[in-house]
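See below for entry12.txt, which holds compact mmCIF, N, CA and C atoms.
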```
# COMPACT_ATOMS: atom_id res chain seq x y z
N GLN L 1 11.32 8.69 -13.70
CA GLN L 1 11.37 7.84 -12.53
C GLN L 1 10.44 8.37 -11.44
N VAL L 2 9.92 7.45 -10.68
CA VAL L 2 9.07 7.77 -9.53
C VAL L 2 9.72 7.14 -8.29
N GLN L 3 9.84 7.93 -7.25
CA GLN L 3 10.37 7.43 -5.99
C GLN L 3 9.23 7.31 -4.98
N LEU L 4 9.25 6.22 -4.23
CA LEU L 4 8.21 5.95 -3.24
C LEU L 4 8.84 5.71 -1.88
N VAL L 5 8.31 6.36 -0.86
CA VAL L 5 8.82 6.19 0.50
C VAL L 5 7.66 5.85 1.42
N GLU L 6 7.72 4.67 2.03
CA GLU L 6 6.68 4.24 2.95
C GLU L 6 7.04 4.60 4.39
N SER L 7 6.01 4.75 5.20
CA SER L 7 6.20 4.96 6.63
C SER L 7 4.96 4.48 7.37
N GLY L 8 5.10 4.32 8.68
CA GLY L 8 3.95 3.98 9.50
C GLY L 8 3.88 2.56 10.00
N GLY L 9 4.82 1.73 9.60
CA GLY L 9 4.79 0.35 10.08
C GLY L 9 5.20 0.26 11.55
N GLY L 10 5.08 -0.93 12.11
CA GLY L 10 5.48 -1.13 13.49
C GLY L 10 4.89 -2.38 14.07
N LEU L 11 4.99 -2.47 15.38
CA LEU L 11 4.46 -3.62 16.13
C LEU L 11 3.13 -3.22 16.76
N VAL L 12 2.13 -4.08 16.57
CA VAL L 12 0.81 -3.80 17.12
C VAL L 12 0.19 -5.10 17.62
N GLN L 13 -0.65 -5.00 18.62
CA GLN L 13 -1.31 -6.18 19.15
C GLN L 13 -2.49 -6.58 18.27
N PRO L 14 -2.86 -7.85 18.29
CA PRO L 14 -4.05 -8.27 17.54
C PRO L 14 -5.27 -7.43 17.91
N GLY L 15 -6.02 -7.04 16.89
CA GLY L 15 -7.16 -6.17 17.10
C GLY L 15 -6.84 -4.70 17.00
N GLY L 16 -5.57 -4.38 16.92
CA GLY L 16 -5.15 -2.99 16.86
C GLY L 16 -5.20 -2.42 15.44
N SER L 17 -4.73 -1.19 15.33
CA SER L 17 -4.77 -0.46 14.05
C SER L 17 -3.42 0.17 13.75
N LEU L 18 -3.15 0.33 12.47
CA LEU L 18 -1.99 1.08 11.99
C LEU L 18 -2.39 1.83 10.74
N ARG L 19 -1.69 2.92 10.49
CA ARG L 19 -1.91 3.68 9.25
C ARG L 19 -0.58 3.82 8.54
N LEU L 20 -0.52 3.28 7.34
CA LEU L 20 0.67 3.38 6.51
C LEU L 20 0.54 4.56 5.55
N SER L 21 1.66 5.19 5.26
CA SER L 21 1.70 6.29 4.30
C SER L 21 2.74 5.99 3.23
N CYS L 22 2.48 6.47 2.03
CA CYS L 22 3.41 6.33 0.92
C CYS L 22 3.49 7.66 0.20
N ALA L 23 4.66 8.27 0.24
CA ALA L 23 4.87 9.55 -0.42
C ALA L 23 5.59 9.32 -1.74
N ALA L 24 5.00 9.81 -2.81
CA ALA L 24 5.59 9.68 -4.14
C ALA L 24 6.22 10.99 -4.58
N SER L 25 7.35 10.87 -5.27
CA SER L 25 8.02 12.05 -5.81
C SER L 25 8.61 11.70 -7.16
N GLY L 26 9.04 12.71 -7.90
CA GLY L 26 9.59 12.50 -9.23
C GLY L 26 8.52 12.71 -10.29
N ARG L 27 8.45 11.82 -11.27
CA ARG L 27 7.54 11.95 -12.39
C ARG L 27 6.13 11.47 -12.03
N THR L 28 5.59 12.06 -10.97
CA THR L 28 4.29 11.59 -10.47
C THR L 28 3.15 11.93 -11.41
N PHE L 29 3.36 12.87 -12.33
CA PHE L 29 2.28 13.24 -13.26
C PHE L 29 1.90 12.07 -14.16
N SER L 30 2.82 11.09 -14.31
CA SER L 30 2.55 9.95 -15.19
C SER L 30 1.86 8.79 -14.48
N VAL L 31 1.76 8.87 -13.17
CA VAL L 31 1.20 7.75 -12.39
C VAL L 31 -0.31 7.70 -12.55
N ASN L 32 -0.85 6.51 -12.84
CA ASN L 32 -2.30 6.39 -12.96
C ASN L 32 -2.91 5.47 -11.93
N ARG L 33 -2.10 4.73 -11.20
CA ARG L 33 -2.62 3.89 -10.14
C ARG L 33 -1.54 3.67 -9.09
N MET L 34 -1.96 3.65 -7.83
CA MET L 34 -1.06 3.33 -6.74
C MET L 34 -1.69 2.28 -5.86
N GLY L 35 -0.85 1.58 -5.11
CA GLY L 35 -1.41 0.52 -4.28
C GLY L 35 -0.43 0.03 -3.24
N TRP L 36 -0.91 -0.92 -2.47
CA TRP L 36 -0.13 -1.57 -1.42
C TRP L 36 -0.11 -3.08 -1.67
N TYR L 37 1.06 -3.65 -1.50
CA TYR L 37 1.25 -5.09 -1.54
C TYR L 37 1.95 -5.49 -0.26
N ARG L 38 1.88 -6.76 0.07
CA ARG L 38 2.58 -7.24 1.26
C ARG L 38 3.20 -8.60 0.99
N GLN L 39 4.23 -8.87 1.78
CA GLN L 39 4.93 -10.15 1.64
C GLN L 39 5.25 -10.68 3.03
N ALA L 40 4.69 -11.83 3.33
CA ALA L 40 4.98 -12.49 4.59
C ALA L 40 6.20 -13.39 4.42
N PRO L 41 6.89 -13.71 5.50
CA PRO L 41 8.07 -14.58 5.40
C PRO L 41 7.74 -15.90 4.72
N GLY L 42 8.51 -16.25 3.71
CA GLY L 42 8.32 -17.52 3.02
C GLY L 42 7.17 -17.55 2.04
N LYS L 43 6.52 -16.41 1.83
CA LYS L 43 5.38 -16.35 0.92
C LYS L 43 5.64 -15.36 -0.20
N GLN L 44 4.84 -15.47 -1.25
CA GLN L 44 4.95 -14.54 -2.37
C GLN L 44 4.30 -13.20 -2.02
N ARG L 45 4.74 -12.17 -2.71
CA ARG L 45 4.14 -10.86 -2.53
C ARG L 45 2.72 -10.90 -3.06
N GLU L 46 1.79 -10.28 -2.32
CA GLU L 46 0.39 -10.30 -2.72
C GLU L 46 -0.20 -8.90 -2.66
N LEU L 47 -1.21 -8.72 -3.50
CA LEU L 47 -1.90 -7.43 -3.53
C LEU L 47 -2.74 -7.24 -2.27
N VAL L 48 -2.71 -6.03 -1.74
CA VAL L 48 -3.57 -5.68 -0.61
C VAL L 48 -4.70 -4.76 -1.07
N ALA L 49 -4.32 -3.65 -1.71
CA ALA L 49 -5.33 -2.69 -2.15
C ALA L 49 -4.72 -1.76 -3.19
N THR L 50 -5.56 -1.26 -4.10
CA THR L 50 -5.12 -0.28 -5.08
C THR L 50 -6.13 0.84 -5.20
N ILE L 51 -5.66 1.98 -5.72
CA ILE L 51 -6.53 3.11 -5.96
C ILE L 51 -6.08 3.82 -7.22
N THR L 52 -7.04 4.16 -8.09
CA THR L 52 -6.72 4.85 -9.32
C THR L 52 -6.78 6.36 -9.13
N LEU L 53 -6.39 7.07 -10.19
CA LEU L 53 -6.46 8.53 -10.14
C LEU L 53 -7.89 9.01 -9.89
N ARG L 54 -8.85 8.25 -10.40
CA ARG L 54 -10.25 8.63 -10.24
C ARG L 54 -10.82 8.19 -8.90
N GLY L 55 -9.99 7.49 -8.12
CA GLY L 55 -10.45 7.08 -6.80
C GLY L 55 -11.08 5.70 -6.74
N THR L 56 -11.03 4.96 -7.84
CA THR L 56 -11.57 3.60 -7.83
C THR L 56 -10.65 2.69 -7.02
N THR L 57 -11.22 1.95 -6.10
CA THR L 57 -10.42 1.11 -5.21
C THR L 57 -10.70 -0.37 -5.42
N THR L 58 -9.69 -1.18 -5.15
CA THR L 58 -9.84 -2.64 -5.12
C THR L 58 -9.15 -3.16 -3.88
N TYR L 59 -9.66 -4.26 -3.34
CA TYR L 59 -9.10 -4.85 -2.14
C TYR L 59 -8.99 -6.36 -2.28
N ALA L 60 -7.98 -6.91 -1.63
CA ALA L 60 -7.91 -8.35 -1.51
C ALA L 60 -9.03 -8.81 -0.58
N ASP L 61 -9.56 -9.99 -0.83
CA ASP L 61 -10.66 -10.51 -0.01
C ASP L 61 -10.28 -10.56 1.47
N ALA L 62 -9.01 -10.85 1.74
CA ALA L 62 -8.58 -11.02 3.13
C ALA L 62 -8.63 -9.74 3.95
N VAL L 63 -8.69 -8.58 3.27
CA VAL L 63 -8.65 -7.32 4.01
C VAL L 63 -9.91 -6.50 3.86
N LYS L 64 -10.85 -6.96 3.03
CA LYS L 64 -12.08 -6.20 2.81
C LYS L 64 -12.82 -5.99 4.13
N GLY L 65 -13.26 -4.77 4.34
CA GLY L 65 -13.98 -4.44 5.56
C GLY L 65 -13.08 -4.05 6.72
N ARG L 66 -11.77 -4.30 6.58
CA ARG L 66 -10.83 -3.95 7.66
C ARG L 66 -9.84 -2.88 7.24
N PHE L 67 -9.42 -2.90 5.98
CA PHE L 67 -8.44 -1.95 5.48
C PHE L 67 -9.11 -0.94 4.55
N THR L 68 -8.59 0.27 4.56
CA THR L 68 -9.09 1.31 3.66
C THR L 68 -7.92 2.02 3.01
N ILE L 69 -7.92 2.06 1.68
CA ILE L 69 -6.89 2.80 0.96
C ILE L 69 -7.48 4.15 0.56
N SER L 70 -6.65 5.19 0.66
CA SER L 70 -7.11 6.52 0.28
C SER L 70 -5.94 7.30 -0.28
N ARG L 71 -6.29 8.42 -0.89
CA ARG L 71 -5.26 9.21 -1.57
C ARG L 71 -5.44 10.67 -1.20
N HIS L 72 -4.33 11.36 -0.96
CA HIS L 72 -4.40 12.79 -0.66
C HIS L 72 -5.01 13.50 -1.87
N SER L 73 -5.80 14.53 -1.60
CA SER L 73 -6.56 15.17 -2.67
C SER L 73 -5.70 15.95 -3.65
N THR L 74 -4.50 16.36 -3.26
CA THR L 74 -3.72 17.23 -4.14
C THR L 74 -2.35 16.70 -4.51
N ASP L 75 -1.94 15.59 -3.93
CA ASP L 75 -0.64 15.02 -4.34
C ASP L 75 -0.74 13.51 -4.38
N HIS L 76 0.35 12.87 -4.61
CA HIS L 76 0.36 11.41 -4.78
C HIS L 76 0.75 10.69 -3.51
N THR L 77 0.29 11.18 -2.38
CA THR L 77 0.45 10.45 -1.13
C THR L 77 -0.72 9.50 -0.96
N VAL L 78 -0.40 8.25 -0.67
CA VAL L 78 -1.42 7.23 -0.52
C VAL L 78 -1.33 6.66 0.90
N TYR L 79 -2.49 6.38 1.47
CA TYR L 79 -2.56 5.87 2.83
C TYR L 79 -3.23 4.50 2.84
N LEU L 80 -2.88 3.73 3.84
CA LEU L 80 -3.57 2.46 4.07
C LEU L 80 -3.92 2.40 5.56
N GLN L 81 -5.20 2.58 5.86
CA GLN L 81 -5.69 2.46 7.22
C GLN L 81 -6.02 0.99 7.48
N MET L 82 -5.36 0.40 8.46
CA MET L 82 -5.54 -1.02 8.76
C MET L 82 -6.13 -1.18 10.15
N ASN L 83 -7.32 -1.74 10.21
CA ASN L 83 -8.01 -1.97 11.47
C ASN L 83 -8.20 -3.47 11.72
N SER L 84 -8.49 -3.81 12.96
CA SER L 84 -8.75 -5.21 13.34
C SER L 84 -7.64 -6.12 12.85
N LEU L 85 -6.43 -5.73 13.09
CA LEU L 85 -5.28 -6.48 12.59
C LEU L 85 -5.17 -7.84 13.27
N THR L 86 -4.73 -8.81 12.51
CA THR L 86 -4.50 -10.17 13.01
C THR L 86 -3.06 -10.57 12.72
N PRO L 87 -2.56 -11.61 13.37
CA PRO L 87 -1.19 -12.07 13.08
C PRO L 87 -0.97 -12.40 11.60
N GLU L 88 -2.03 -12.78 10.90
CA GLU L 88 -1.91 -13.10 9.48
C GLU L 88 -1.62 -11.86 8.63
N ASP L 89 -1.78 -10.69 9.19
CA ASP L 89 -1.45 -9.45 8.47
C ASP L 89 0.02 -9.09 8.59
N THR L 90 0.77 -9.85 9.35
CA THR L 90 2.20 -9.58 9.52
C THR L 90 2.93 -9.73 8.19
N GLY L 91 3.83 -8.79 7.93
CA GLY L 91 4.63 -8.86 6.72
C GLY L 91 5.25 -7.52 6.40
N THR L 92 5.98 -7.49 5.29
CA THR L 92 6.52 -6.24 4.79
C THR L 92 5.54 -5.67 3.78
N TYR L 93 5.17 -4.44 3.99
CA TYR L 93 4.19 -3.78 3.13
C TYR L 93 4.92 -2.84 2.17
N PHE L 94 4.64 -3.03 0.89
CA PHE L 94 5.30 -2.27 -0.17
C PHE L 94 4.30 -1.36 -0.88
N CYS L 95 4.74 -0.15 -1.12
CA CYS L 95 3.95 0.77 -1.94
C CYS L 95 4.31 0.56 -3.41
N ASN L 96 3.31 0.67 -4.26
CA ASN L 96 3.49 0.45 -5.69
C ASN L 96 2.83 1.58 -6.47
N ALA L 97 3.47 1.99 -7.55
CA ALA L 97 2.90 3.00 -8.44
C ALA L 97 3.07 2.54 -9.87
N GLU L 98 2.04 2.78 -10.68
CA GLU L 98 2.08 2.37 -12.08
C GLU L 98 1.85 3.57 -12.98
N ASP L 99 2.61 3.61 -14.09
CA ASP L 99 2.26 4.52 -15.18
C ASP L 99 2.04 3.67 -16.42
N PHE L 100 2.01 4.26 -17.58
CA PHE L 100 1.67 3.51 -18.78
C PHE L 100 2.80 2.61 -19.26
N LEU L 101 3.99 2.81 -18.71
CA LEU L 101 5.14 2.06 -19.19
C LEU L 101 5.66 1.03 -18.19
N THR L 102 5.61 1.36 -16.93
CA THR L 102 6.26 0.49 -15.96
C THR L 102 5.63 0.67 -14.59
N GLU L 103 6.20 -0.01 -13.60
CA GLU L 103 5.76 0.17 -12.23
C GLU L 103 6.96 0.42 -11.34
N TYR L 104 6.68 1.00 -10.19
CA TYR L 104 7.71 1.38 -9.25
C TYR L 104 7.37 0.82 -7.87
N TRP L 105 8.42 0.57 -7.09
CA TRP L 105 8.24 0.01 -5.76
C TRP L 105 9.00 0.79 -4.71
N GLY L 106 8.42 0.87 -3.52
CA GLY L 106 9.14 1.42 -2.40
C GLY L 106 9.98 0.35 -1.73
N GLN L 107 10.69 0.74 -0.69
CA GLN L 107 11.58 -0.18 0.02
C GLN L 107 10.82 -1.09 0.98
N GLY L 108 9.63 -0.70 1.35
CA GLY L 108 8.82 -1.51 2.24
C GLY L 108 8.89 -1.04 3.68
N THR L 109 7.82 -1.33 4.41
CA THR L 109 7.76 -1.03 5.84
C THR L 109 7.21 -2.26 6.55
N GLN L 110 7.80 -2.61 7.67
CA GLN L 110 7.45 -3.84 8.36
C GLN L 110 6.24 -3.63 9.26
N VAL L 111 5.29 -4.55 9.17
CA VAL L 111 4.13 -4.58 10.06
C VAL L 111 4.15 -5.92 10.78
N THR L 112 4.17 -5.86 12.10
CA THR L 112 4.15 -7.08 12.91
C THR L 112 2.97 -7.04 13.86
N VAL L 113 2.11 -8.04 13.77
CA VAL L 113 0.94 -8.13 14.64
C VAL L 113 1.17 -9.29 15.60
N SER L 114 1.37 -8.95 16.84
CA SER L 114 1.71 -9.98 17.82
C SER L 114 1.37 -9.50 19.22
N SER L 115 1.00 -10.45 20.07
CA SER L 115 0.74 -10.10 21.47
C SER L 115 1.99 -10.33 22.32
```

Once more with this new file: its structure as structure tokens, please.
Amino acid sequence: QVQLVESGGGLVQPGGSLRLSCAASGRTFSVNRMGWYRQAPGKQRELVATITLRGTTTYADAVKGRFTISRHSTDHTVYLQMNSLTPEDTGTYFCNAEDFLTEYWGQGTQVTVSS
């Protein structure tokens, strides 16, 4: 099992920035990819960004150029730097980890972009 704990969410004004963190524990040696997803009220959960063990990243078109996913060099902590936030970025952000058998989810952290 892999446990994921997110932090860093909150309320921010449009144009502002937030940095989310996801700390992984447990059988982290089996994890080969981690990422962030988000879910807005009344909408389906969607991919935001992912990063592999080798550092290969992918981003949703809606966040390219504004969000950056990164990984701590020695453990399975993953970060999501979010800049130029808009109200459309509001939602619950979930950390995700995958191994060869299954995937794991954190409890989520709320991000609200509002003036």

Just how far from atom N of Leu101 (chain L) is atom N of Ser25 (chain L), in Å to one decimal?
16.0 Å

What separation in Å, quoted to one decimal, exists between atom N of Pro87 (chain L) and CA of Glu6 (chain L)?
21.1 Å

Which one is closest to Cys22 (chain L): L:Ser7, L:Thr58, L:Ser115, L:Thr109? Count only N, CA and C atoms.
L:Ser7

Can you tell me, as an MDAnalysis selection string, which residues in chain L count as strand (DSSP E) by DSSP?
chainID L and resid 2:7 10:12 18:26 33:39 46:52 57:59 67:71 78:82 91:98 103:105 109:113

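Closest to Glu103 (chain L) among L:Val5, L:Gly35, L:Ser17, L:Gly91 is L:Gly35, based on only C-alpha atoms.
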
If you count all atoms listed in the file, which residues fall within 6 Å of Val12 (chain L), apart from same-chain ones fewer than 3 positions away, as a list in words?
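Close residues of Val12 (chain L): Gly16, Thr112, Val113, Ser114 and Ser115 of chain L.
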
Best match for closeness to Ser30 (chain L) among L:Glu98, L:Thr52, L:Asn83, L:Tyr93, counting all atoms listed in the file:
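With all atoms listed in the file as the atom set, the closest residue is L:Glu98.
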
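The interatomic distance for the pair CA of Leu18 (chain L) and CA of Thr56 (chain L) works out to 22.2 Å.
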
Just the helix (DSSP H, G or I) stuff from region 10-112 of chain L, please, per backbone DSSP, written as an NGL selection string.
:L and (28-30 or 87-89)

Excluding Ala40 (chain L) and any residue of its chain fewer than 5 positions from it, enumerate the residues within 6 Å of it, using all atoms listed in the file, and give them as a ChimeraX atom specification.
/L:45,90-92
